[in-house]
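Shown here: data-v9.cif, mmCIF, C-alpha atoms, pLDDT in the B column; chains and numbers go by the auth columns.
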data_start
loop_
_atom_site.group_PDB
_atom_site.id
_atom_site.type_symbol
_atom_site.label_atom_id
_atom_site.label_comp_id
_atom_site.label_asym_id
_atom_site.label_seq_id
_atom_site.Cartn_x
_atom_site.Cartn_y
_atom_site.Cartn_z
_atom_site.B_iso_or_equiv
_atom_site.auth_seq_id
_atom_site.auth_asym_id
ATOM 1 C CA MET A 1 -27.241 -25.583 47.697 59.00 1 A
ATOM 2 C CA SER A 2 -30.088 -26.103 50.191 68.00 2 A
ATOM 3 C CA GLY A 3 -28.283 -28.388 52.593 91.00 3 A
ATOM 4 C CA ALA A 4 -26.685 -30.755 50.082 96.00 4 A
ATOM 5 C CA PHE A 5 -23.251 -29.911 51.464 95.00 5 A
ATOM 6 C CA ASP A 6 -24.034 -29.279 55.125 95.00 6 A
ATOM 7 C CA ASP A 7 -22.151 -32.422 56.185 96.00 7 A
ATOM 8 C CA VAL A 8 -18.911 -31.378 54.502 96.00 8 A
ATOM 9 C CA PHE A 9 -19.113 -27.772 55.675 95.00 9 A
ATOM 10 C CA LYS A 10 -19.694 -29.014 59.232 95.00 10 A
ATOM 11 C CA ALA A 11 -16.702 -31.323 58.881 97.00 11 A
ATOM 12 C CA ASN A 12 -14.678 -28.338 57.722 97.00 12 A
ATOM 13 C CA ASP A 13 -15.530 -26.493 60.928 96.00 13 A
ATOM 14 C CA ASP A 14 -13.989 -29.396 62.835 96.00 14 A
ATOM 15 C CA TYR A 15 -10.960 -29.385 60.523 96.00 15 A
ATOM 16 C CA VAL A 16 -10.403 -25.662 61.034 97.00 16 A
ATOM 17 C CA ALA A 17 -10.401 -26.191 64.810 96.00 17 A
ATOM 18 C CA ARG A 18 -7.402 -28.531 64.507 96.00 18 A
ATOM 19 C CA PHE A 19 -5.755 -27.009 61.394 96.00 19 A
ATOM 20 C CA ARG A 20 -1.951 -27.203 61.517 94.00 20 A
ATOM 21 C CA LEU A 21 -0.814 -26.622 57.931 95.00 21 A
ATOM 22 C CA GLN A 22 -0.384 -22.863 58.014 94.00 22 A
ATOM 23 C CA GLY A 23 2.972 -21.765 56.710 93.00 23 A
ATOM 24 C CA LEU A 24 3.420 -24.562 54.175 93.00 24 A
ATOM 25 C CA GLN A 25 5.107 -23.307 51.040 92.00 25 A
ATOM 26 C CA PRO A 26 3.405 -23.916 47.662 94.00 26 A
ATOM 27 C CA VAL A 27 6.297 -26.025 46.354 97.00 27 A
ATOM 28 C CA ALA A 28 6.575 -29.810 46.499 98.00 28 A
ATOM 29 C CA ALA A 29 8.934 -30.235 49.454 97.00 29 A
ATOM 30 C CA ARG A 30 10.033 -33.696 48.278 98.00 30 A
ATOM 31 C CA GLY A 31 10.011 -32.744 44.602 98.00 31 A
ATOM 32 C CA LEU A 32 7.353 -35.302 43.678 98.00 32 A
ATOM 33 C CA ALA A 33 4.411 -35.002 41.332 98.00 33 A
ATOM 34 C CA LEU A 34 2.007 -37.920 41.655 98.00 34 A
ATOM 35 C CA VAL A 35 -0.528 -38.695 38.941 98.00 35 A
ATOM 36 C CA THR A 36 -3.144 -41.045 40.341 98.00 36 A
ATOM 37 C CA CYS A 37 -6.798 -41.936 40.034 97.00 37 A
ATOM 38 C CA MET A 38 -9.685 -40.095 41.637 97.00 38 A
ATOM 39 C CA ASP A 39 -10.773 -43.380 43.261 97.00 39 A
ATOM 40 C CA SER A 40 -11.538 -42.731 46.936 96.00 40 A
ATOM 41 C CA ARG A 41 -9.830 -45.986 47.942 96.00 41 A
ATOM 42 C CA ILE A 42 -6.464 -44.324 47.312 97.00 42 A
ATOM 43 C CA GLU A 43 -4.919 -42.248 50.096 97.00 43 A
ATOM 44 C CA PRO A 44 -1.902 -40.857 48.242 97.00 44 A
ATOM 45 C CA LEU A 45 -0.082 -39.287 51.166 97.00 45 A
ATOM 46 C CA ASP A 46 -0.308 -42.284 53.488 97.00 46 A
ATOM 47 C CA THR A 47 0.309 -44.761 50.680 97.00 47 A
ATOM 48 C CA LEU A 48 3.700 -43.268 49.861 98.00 48 A
ATOM 49 C CA GLY A 49 4.786 -42.034 53.288 98.00 49 A
ATOM 50 C CA LEU A 50 4.214 -38.403 52.395 98.00 50 A
ATOM 51 C CA GLN A 51 3.105 -35.425 54.435 96.00 51 A
ATOM 52 C CA PRO A 52 1.035 -32.438 53.323 97.00 52 A
ATOM 53 C CA GLY A 53 3.275 -30.197 51.231 97.00 53 A
ATOM 54 C CA ASP A 54 5.584 -33.008 50.075 98.00 54 A
ATOM 55 C CA ALA A 55 4.058 -33.562 46.635 98.00 55 A
ATOM 56 C CA LYS A 56 1.810 -32.171 43.955 98.00 56 A
ATOM 57 C CA ILE A 57 -1.033 -34.655 43.493 98.00 57 A
ATOM 58 C CA LEU A 58 -2.919 -34.785 40.206 98.00 58 A
ATOM 59 C CA ARG A 59 -6.024 -36.978 40.168 98.00 59 A
ATOM 60 C CA ASN A 60 -8.336 -37.989 37.369 97.00 60 A
ATOM 61 C CA ALA A 61 -10.361 -40.974 36.239 96.00 61 A
ATOM 62 C CA GLY A 62 -7.928 -43.785 35.521 96.00 62 A
ATOM 63 C CA ALA A 63 -4.744 -41.890 36.441 97.00 63 A
ATOM 64 C CA ARG A 64 -4.307 -41.045 32.764 97.00 64 A
ATOM 65 C CA VAL A 65 -1.799 -38.548 31.435 98.00 65 A
ATOM 66 C CA THR A 66 -4.069 -36.160 29.568 97.00 66 A
ATOM 67 C CA ASP A 67 -3.199 -32.868 27.928 97.00 67 A
ATOM 68 C CA ASP A 68 -4.321 -31.139 31.115 97.00 68 A
ATOM 69 C CA THR A 69 -2.073 -33.411 33.186 98.00 69 A
ATOM 70 C CA LEU A 70 0.869 -32.441 30.990 98.00 70 A
ATOM 71 C CA ARG A 71 -0.010 -28.733 31.313 98.00 71 A
ATOM 72 C CA THR A 72 -0.084 -29.110 35.081 98.00 72 A
ATOM 73 C CA LEU A 73 3.211 -31.024 35.143 98.00 73 A
ATOM 74 C CA VAL A 74 4.908 -28.248 33.161 98.00 74 A
ATOM 75 C CA LEU A 75 3.755 -25.719 35.757 98.00 75 A
ATOM 76 C CA ALA A 76 4.721 -28.022 38.624 98.00 76 A
ATOM 77 C CA VAL A 77 8.235 -28.586 37.260 98.00 77 A
ATOM 78 C CA TYR A 78 9.056 -24.968 36.499 98.00 78 A
ATOM 79 C CA LEU A 79 7.161 -23.152 39.245 98.00 79 A
ATOM 80 C CA LEU A 80 6.424 -25.584 42.085 98.00 80 A
ATOM 81 C CA GLY A 81 9.606 -27.513 42.788 98.00 81 A
ATOM 82 C CA VAL A 82 8.754 -30.812 41.091 98.00 82 A
ATOM 83 C CA ASP A 83 11.794 -32.759 39.925 98.00 83 A
ATOM 84 C CA ARG A 84 10.287 -36.275 39.518 98.00 84 A
ATOM 85 C CA VAL A 85 6.967 -37.747 38.436 98.00 85 A
ATOM 86 C CA LEU A 86 5.249 -40.969 39.498 98.00 86 A
ATOM 87 C CA VAL A 87 2.167 -42.248 37.655 98.00 87 A
ATOM 88 C CA LEU A 88 0.097 -44.538 39.885 98.00 88 A
ATOM 89 C CA PRO A 89 -3.030 -46.233 38.531 98.00 89 A
ATOM 90 C CA HIS A 90 -4.679 -48.958 40.617 97.00 90 A
ATOM 91 C CA THR A 91 -6.154 -52.423 40.488 96.00 91 A
ATOM 92 C CA ARG A 92 -9.877 -52.901 39.905 94.00 92 A
ATOM 93 C CA CYS A 93 -10.169 -49.517 38.182 92.00 93 A
ATOM 94 C CA LYS A 94 -13.411 -48.974 36.284 89.00 94 A
ATOM 95 C CA MET A 95 -11.566 -47.092 33.529 88.00 95 A
ATOM 96 C CA ALA A 96 -9.354 -50.154 32.947 89.00 96 A
ATOM 97 C CA SER A 97 -12.165 -52.697 33.108 90.00 97 A
ATOM 98 C CA VAL A 98 -14.219 -51.632 30.111 89.00 98 A
ATOM 99 C CA ALA A 99 -13.479 -52.422 26.500 84.00 99 A
ATOM 100 C CA SER A 100 -13.688 -48.864 25.176 90.00 100 A
ATOM 101 C CA ASP A 101 -14.955 -45.352 25.650 93.00 101 A
ATOM 102 C CA ASP A 102 -17.947 -46.408 23.543 94.00 102 A
ATOM 103 C CA GLU A 103 -18.991 -48.839 26.273 93.00 103 A
ATOM 104 C CA VAL A 104 -18.975 -46.056 28.871 93.00 104 A
ATOM 105 C CA HIS A 105 -20.810 -43.661 26.556 95.00 105 A
ATOM 106 C CA ASP A 106 -23.458 -46.318 25.835 95.00 106 A
ATOM 107 C CA THR A 107 -23.911 -47.131 29.529 94.00 107 A
ATOM 108 C CA ILE A 108 -24.412 -43.482 30.465 95.00 108 A
ATOM 109 C CA LEU A 109 -26.764 -42.896 27.535 97.00 109 A
ATOM 110 C CA ASP A 110 -28.807 -46.034 28.213 97.00 110 A
ATOM 111 C CA THR A 111 -28.976 -45.503 31.973 97.00 111 A
ATOM 112 C CA TYR A 112 -29.268 -41.718 32.258 97.00 112 A
ATOM 113 C CA GLY A 113 -30.207 -40.490 28.792 97.00 113 A
ATOM 114 C CA VAL A 114 -27.130 -38.284 28.586 97.00 114 A
ATOM 115 C CA ASP A 115 -24.993 -38.331 25.440 97.00 115 A
ATOM 116 C CA THR A 116 -21.370 -37.978 26.557 96.00 116 A
ATOM 117 C CA ARG A 117 -19.729 -38.638 23.180 96.00 117 A
ATOM 118 C CA SER A 118 -18.194 -35.156 23.172 97.00 118 A
ATOM 119 C CA LEU A 119 -15.863 -36.367 25.953 95.00 119 A
ATOM 120 C CA GLU A 120 -12.869 -38.657 25.727 91.00 120 A
ATOM 121 C CA PHE A 121 -12.684 -40.863 28.826 92.00 121 A
ATOM 122 C CA LYS A 122 -9.357 -42.519 27.891 92.00 122 A
ATOM 123 C CA THR A 123 -10.513 -45.988 28.953 89.00 123 A
ATOM 124 C CA ASP A 124 -8.073 -48.796 28.207 88.00 124 A
ATOM 125 C CA ASN A 125 -8.431 -52.382 29.375 88.00 125 A
ATOM 126 C CA ASP A 126 -4.678 -52.851 28.824 91.00 126 A
ATOM 127 C CA GLN A 127 -3.805 -50.988 31.994 93.00 127 A
ATOM 128 C CA LEU A 128 -0.107 -51.804 31.843 94.00 128 A
ATOM 129 C CA GLY A 129 0.087 -50.741 28.196 94.00 129 A
ATOM 130 C CA ALA A 130 -1.777 -47.519 28.970 95.00 130 A
ATOM 131 C CA LEU A 131 0.594 -46.792 31.852 97.00 131 A
ATOM 132 C CA LYS A 132 3.668 -47.328 29.687 96.00 132 A
ATOM 133 C CA HIS A 133 2.171 -45.098 26.982 96.00 133 A
ATOM 134 C CA ASP A 134 1.468 -42.371 29.537 97.00 134 A
ATOM 135 C CA LEU A 135 4.998 -42.569 30.944 98.00 135 A
ATOM 136 C CA GLU A 136 6.349 -42.042 27.436 97.00 136 A
ATOM 137 C CA ARG A 137 4.045 -39.041 26.922 97.00 137 A
ATOM 138 C CA ILE A 138 5.679 -37.383 29.929 98.00 138 A
ATOM 139 C CA ARG A 139 9.233 -38.402 29.008 98.00 139 A
ATOM 140 C CA HIS A 140 8.913 -37.024 25.491 97.00 140 A
ATOM 141 C CA HIS A 141 6.906 -33.885 26.151 98.00 141 A
ATOM 142 C CA PRO A 142 8.840 -31.048 24.514 98.00 142 A
ATOM 143 C CA LEU A 143 8.277 -28.630 27.396 98.00 143 A
ATOM 144 C CA LEU A 144 9.432 -30.950 30.173 98.00 144 A
ATOM 145 C CA PRO A 145 13.144 -31.266 30.961 98.00 145 A
ATOM 146 C CA LYS A 146 15.055 -34.082 29.289 96.00 146 A
ATOM 147 C CA GLY A 147 16.068 -36.616 31.917 96.00 147 A
ATOM 148 C CA LEU A 148 13.186 -35.801 34.274 98.00 148 A
ATOM 149 C CA PRO A 149 12.804 -38.962 36.379 98.00 149 A
ATOM 150 C CA VAL A 150 9.449 -40.526 35.445 98.00 150 A
ATOM 151 C CA GLY A 151 8.243 -43.752 37.032 98.00 151 A
ATOM 152 C CA GLY A 152 5.173 -45.890 37.092 98.00 152 A
ATOM 153 C CA ALA A 153 3.628 -48.254 39.600 98.00 153 A
ATOM 154 C CA ILE A 154 0.319 -49.980 40.268 98.00 154 A
ATOM 155 C CA TYR A 155 -1.508 -49.537 43.569 98.00 155 A
ATOM 156 C CA ASP A 156 -3.387 -52.597 44.817 97.00 156 A
ATOM 157 C CA VAL A 157 -6.666 -51.423 46.353 97.00 157 A
ATOM 158 C CA ASP A 158 -7.023 -54.708 48.258 97.00 158 A
ATOM 159 C CA THR A 159 -3.615 -54.735 49.961 98.00 159 A
ATOM 160 C CA GLY A 160 -2.266 -51.188 49.777 97.00 160 A
ATOM 161 C CA ARG A 161 0.897 -52.451 48.038 98.00 161 A
ATOM 162 C CA VAL A 162 2.543 -50.269 45.390 98.00 162 A
ATOM 163 C CA THR A 163 4.358 -52.318 42.765 97.00 163 A
ATOM 164 C CA PRO A 164 6.822 -50.504 40.504 97.00 164 A
ATOM 165 C CA VAL A 165 6.390 -51.056 36.777 95.00 165 A
ATOM 166 C CA GLY A 166 9.328 -50.967 34.372 77.00 166 A
ATOM 167 C CA SER A 167 9.241 -48.410 31.617 61.00 167 A
#
Before anything else, please render the file you have as structure tokens.
Amino acid sequence: MSGAFDDVFKANDDYVARFRLQGLQPVAARGLALVTCMDSRIEPLDTLGLQPGDAKILRNAGARVTDDTLRTLVLAVYLLGVDRVLVLPHTRCKMASVASDDEVHDTILDTYGVDTRSLEFKTDNDQLGALKHDLERIRHHPLLPKGLPVGGAIYDVDTGRVTPVGS
């Protein structure tokens, strides 16, 4: 590692000195699973008035409901106290601003010489359509309970506002 992570390990020392989360249970205290993007402009707890331990937070590029997201939601529902799911993509998302996965693959290949075509990035420039599709994937997953409350919203990275989106 040769120092590449010294800054974060030092920051962890400071965190440990003021750590106050001991004793939290591994369940979602407020029953929420949040699927959101990995974008560092999103602070999921503050954004939704949550505290550590309130929710299970699943993050990936574009806040997409992938097979792994569904696997995790099944575990969260049956083992970790989740009884509702919110999918929260955001404005100005790179994964929603490109025409296709091919564009991302080409950019990475042209810029870095790495062929990423074995990966599916799930880009979709119809962000609202992608969100509605993902909500339906959760609602109709055979291993998730019928009637599980599933909602969608868009987070505005410029204002912090969360706007609910109809199904």
Query raised in the report: What separation in Å, quoted to one decimal, exists between CA of Arg59 (chain A) and CA of Val114 (chain A)?
Result: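 These two atoms are separated by 24.1 Å.
Among the candidates A:Ile138, A:Asp68, A:Arg84, A:Arg41, the one nearest to Asp158 (chain A) when counting only C-alpha atoms is A:Arg41.
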Requested in this report: Specify as a list in words each residue included when the PyMOL selection byres ((chain A and resi 121) around 9) is applied to this file.
Outcome: Ala61, Gly62, Met95, Ser100, Asp101, Val104, His105, Leu119, Glu120, Lys122 and Thr123 of chain A
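Minimum distance to Leu48 (chain A) across A:Ala99, A:Leu88, A:Leu80, A:Val27 (counting all atoms listed in the file) occurs at A:Leu88.
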Report task. Would you please work out which residue, of A:Asp83, A:Asp67, A:Asp13, A:Asp124, is nearest to Ala55 (chain A) when using all atoms listed in the file? Result -> A:Asp83
Query raised in the report: Separation of CA of Leu34 (chain A) and CA of Leu86 (chain A), in Å?
Result: 4.9 Å
Query - Evaluate the PyMOL selection byres ((chain A and resi 52) around 12) and report residues as a VMD selection string - result: chain A and resid 19 to 30 32 43 to 46 48 to 51 53 to 57
Query raised in the report: Suppose you want the space between CA of Thr66 (chain A) and CA of Leu135 (chain A); what is it in Å?
Result: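 Interatomic distance here is 11.2 Å.
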Report task. Would you please work out which residue, of A:Val82, A:Val162, A:Val157, A:Ile108, is nearest to Asp39 (chain A) when using all atoms listed in the file? Result ->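 Once distances to Asp39 (chain A) are computed over all atoms listed in the file, the minimum belongs to A:Val157.
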Query raised in the report: For Leu70 (chain A), which residue among A:Asp126, A:Val16, A:Leu58, A:Asp106 is the nearest when counting only C-alpha atoms?
Result: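 Closest candidate: A:Leu58.
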Report task. May I ask which of the residues A:Arg64, A:Arg71, A:Arg92, A:Arg18 is the closest one to Tyr155 (chain A), counting only C-alpha atoms? Result ->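 Looking at the shortest contact to Tyr155 (chain A), the residue is A:Arg92.
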Requested in this report: Tell me which residues the PyMOL selection byres ((chain A and resi 132) around 12) grabs here, as a list in words.
Outcome: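 Answer for the PyMOL selection byres ((chain A and resi 132) around 12): Arg64, Val65, Leu86, Val87, Leu88, Pro89, Asp124, Asp126, Gln127, Leu128, Gly129, Ala130, Leu131, His133, Asp134, Leu135, Glu136, Arg137, Ile138, Arg139, Val150, Gly151, Gly152, Ala153, Ile154, Pro164, Val165, Gly166 and Ser167 of chain A.
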For the selection just defined, write its residues with C-alpha atoms to a file, as a CSV table (one decimal), in the coordinates of the input.
chain,number,residue,atom,x,y,z
A,64,ARG,CA,-4.3,-41.0,32.8
A,65,VAL,CA,-1.8,-38.5,31.4
A,86,LEU,CA,5.2,-41.0,39.5
A,87,VAL,CA,2.2,-42.2,37.7
A,88,LEU,CA,0.1,-44.5,39.9
A,89,PRO,CA,-3.0,-46.2,38.5
A,124,ASP,CA,-8.1,-48.8,28.2
A,126,ASP,CA,-4.7,-52.9,28.8
A,127,GLN,CA,-3.8,-51.0,32.0
A,128,LEU,CA,-0.1,-51.8,31.8
A,129,GLY,CA,0.1,-50.7,28.2
A,130,ALA,CA,-1.8,-47.5,29.0
A,131,LEU,CA,0.6,-46.8,31.9
A,133,HIS,CA,2.2,-45.1,27.0
A,134,ASP,CA,1.5,-42.4,29.5
A,135,LEU,CA,5.0,-42.6,30.9
A,136,GLU,CA,6.3,-42.0,27.4
A,137,ARG,CA,4.0,-39.0,26.9
A,138,ILE,CA,5.7,-37.4,29.9
A,139,ARG,CA,9.2,-38.4,29.0
A,150,VAL,CA,9.4,-40.5,35.4
A,151,GLY,CA,8.2,-43.8,37.0
A,152,GLY,CA,5.2,-45.9,37.1
A,153,ALA,CA,3.6,-48.3,39.6
A,154,ILE,CA,0.3,-50.0,40.3
A,164,PRO,CA,6.8,-50.5,40.5
A,165,VAL,CA,6.4,-51.1,36.8
A,166,GLY,CA,9.3,-51.0,34.4
A,167,SER,CA,9.2,-48.4,31.6
Output requested as a tab-separated table (two decimals), in the frame of the given file - region 17-37 of chain A, filled out with N, CA, C and O atoms.
chain	number	residue	atom	x	y	z
A	17	ALA	N	-10.72	-26.22	63.38
A	17	ALA	CA	-10.40	-26.19	64.81
A	17	ALA	C	-9.07	-26.87	65.11
A	17	ALA	O	-8.41	-26.53	66.09
A	18	ARG	N	-8.67	-27.82	64.27
A	18	ARG	CA	-7.40	-28.53	64.51
A	18	ARG	C	-6.38	-28.31	63.39
A	18	ARG	O	-5.37	-29.01	63.30
A	19	PHE	N	-6.61	-27.29	62.56
A	19	PHE	CA	-5.76	-27.01	61.39
A	19	PHE	C	-4.32	-26.71	61.82
A	19	PHE	O	-4.08	-25.90	62.71
A	20	ARG	N	-3.37	-27.38	61.17
A	20	ARG	CA	-1.95	-27.20	61.52
A	20	ARG	C	-1.05	-27.03	60.29
A	20	ARG	O	0.15	-27.22	60.38
A	21	LEU	N	-1.62	-26.69	59.15
A	21	LEU	CA	-0.81	-26.62	57.93
A	21	LEU	C	-0.43	-25.20	57.53
A	21	LEU	O	0.19	-25.00	56.48
A	22	GLN	N	-0.75	-24.22	58.36
A	22	GLN	CA	-0.38	-22.86	58.01
A	22	GLN	C	1.13	-22.78	57.86
A	22	GLN	O	1.88	-23.44	58.55
A	23	GLY	N	1.55	-21.96	56.92
A	23	GLY	CA	2.97	-21.76	56.71
A	23	GLY	C	3.59	-22.69	55.68
A	23	GLY	O	4.75	-22.49	55.31
A	24	LEU	N	2.87	-23.71	55.22
A	24	LEU	CA	3.42	-24.56	54.18
A	24	LEU	C	3.67	-23.74	52.92
A	24	LEU	O	2.86	-22.89	52.55
A	25	GLN	N	4.79	-23.98	52.29
A	25	GLN	CA	5.11	-23.31	51.04
A	25	GLN	C	4.39	-24.01	49.88
A	25	GLN	O	4.09	-25.20	49.97
A	26	PRO	N	4.15	-23.32	48.78
A	26	PRO	CA	3.40	-23.92	47.66
A	26	PRO	C	4.23	-24.85	46.77
A	26	PRO	O	3.73	-25.33	45.77
A	27	VAL	N	5.46	-25.11	47.14
A	27	VAL	CA	6.30	-26.02	46.35
A	27	VAL	C	6.19	-27.44	46.91
A	27	VAL	O	5.82	-27.64	48.06
A	28	ALA	N	6.55	-28.40	46.08
A	28	ALA	CA	6.58	-29.81	46.50
A	28	ALA	C	7.86	-30.05	47.29
A	28	ALA	O	8.95	-30.13	46.71
A	29	ALA	N	7.76	-30.15	48.59
A	29	ALA	CA	8.93	-30.24	49.45
A	29	ALA	C	9.83	-31.42	49.13
A	29	ALA	O	11.04	-31.36	49.30
A	30	ARG	N	9.23	-32.52	48.65
A	30	ARG	CA	10.03	-33.70	48.28
A	30	ARG	C	10.17	-33.84	46.77
A	30	ARG	O	10.63	-34.86	46.27
A	31	GLY	N	9.78	-32.79	46.04
A	31	GLY	CA	10.01	-32.74	44.60
A	31	GLY	C	9.16	-33.70	43.77
A	31	GLY	O	9.44	-33.91	42.60
A	32	LEU	N	8.13	-34.27	44.35
A	32	LEU	CA	7.35	-35.30	43.68
A	32	LEU	C	6.05	-34.76	43.12
A	32	LEU	O	5.33	-34.02	43.79
A	33	ALA	N	5.76	-35.16	41.89
A	33	ALA	CA	4.41	-35.00	41.33
A	33	ALA	C	3.86	-36.42	41.21
A	33	ALA	O	4.53	-37.31	40.68
A	34	LEU	N	2.66	-36.62	41.70
A	34	LEU	CA	2.01	-37.92	41.66
A	34	LEU	C	0.75	-37.80	40.81
A	34	LEU	O	-0.12	-36.98	41.09
A	35	VAL	N	0.67	-38.62	39.76
A	35	VAL	CA	-0.53	-38.70	38.94
A	35	VAL	C	-1.23	-39.98	39.34
A	35	VAL	O	-0.67	-41.08	39.19
A	36	THR	N	-2.42	-39.86	39.90
A	36	THR	CA	-3.14	-41.04	40.34
A	36	THR	C	-4.63	-40.88	40.03
A	36	THR	O	-5.06	-39.85	39.53
A	37	CYS	N	-5.38	-41.91	40.35
A	37	CYS	CA	-6.80	-41.94	40.03
A	37	CYS	C	-7.60	-41.17	41.09
A	37	CYS	O	-7.17	-41.01	42.23
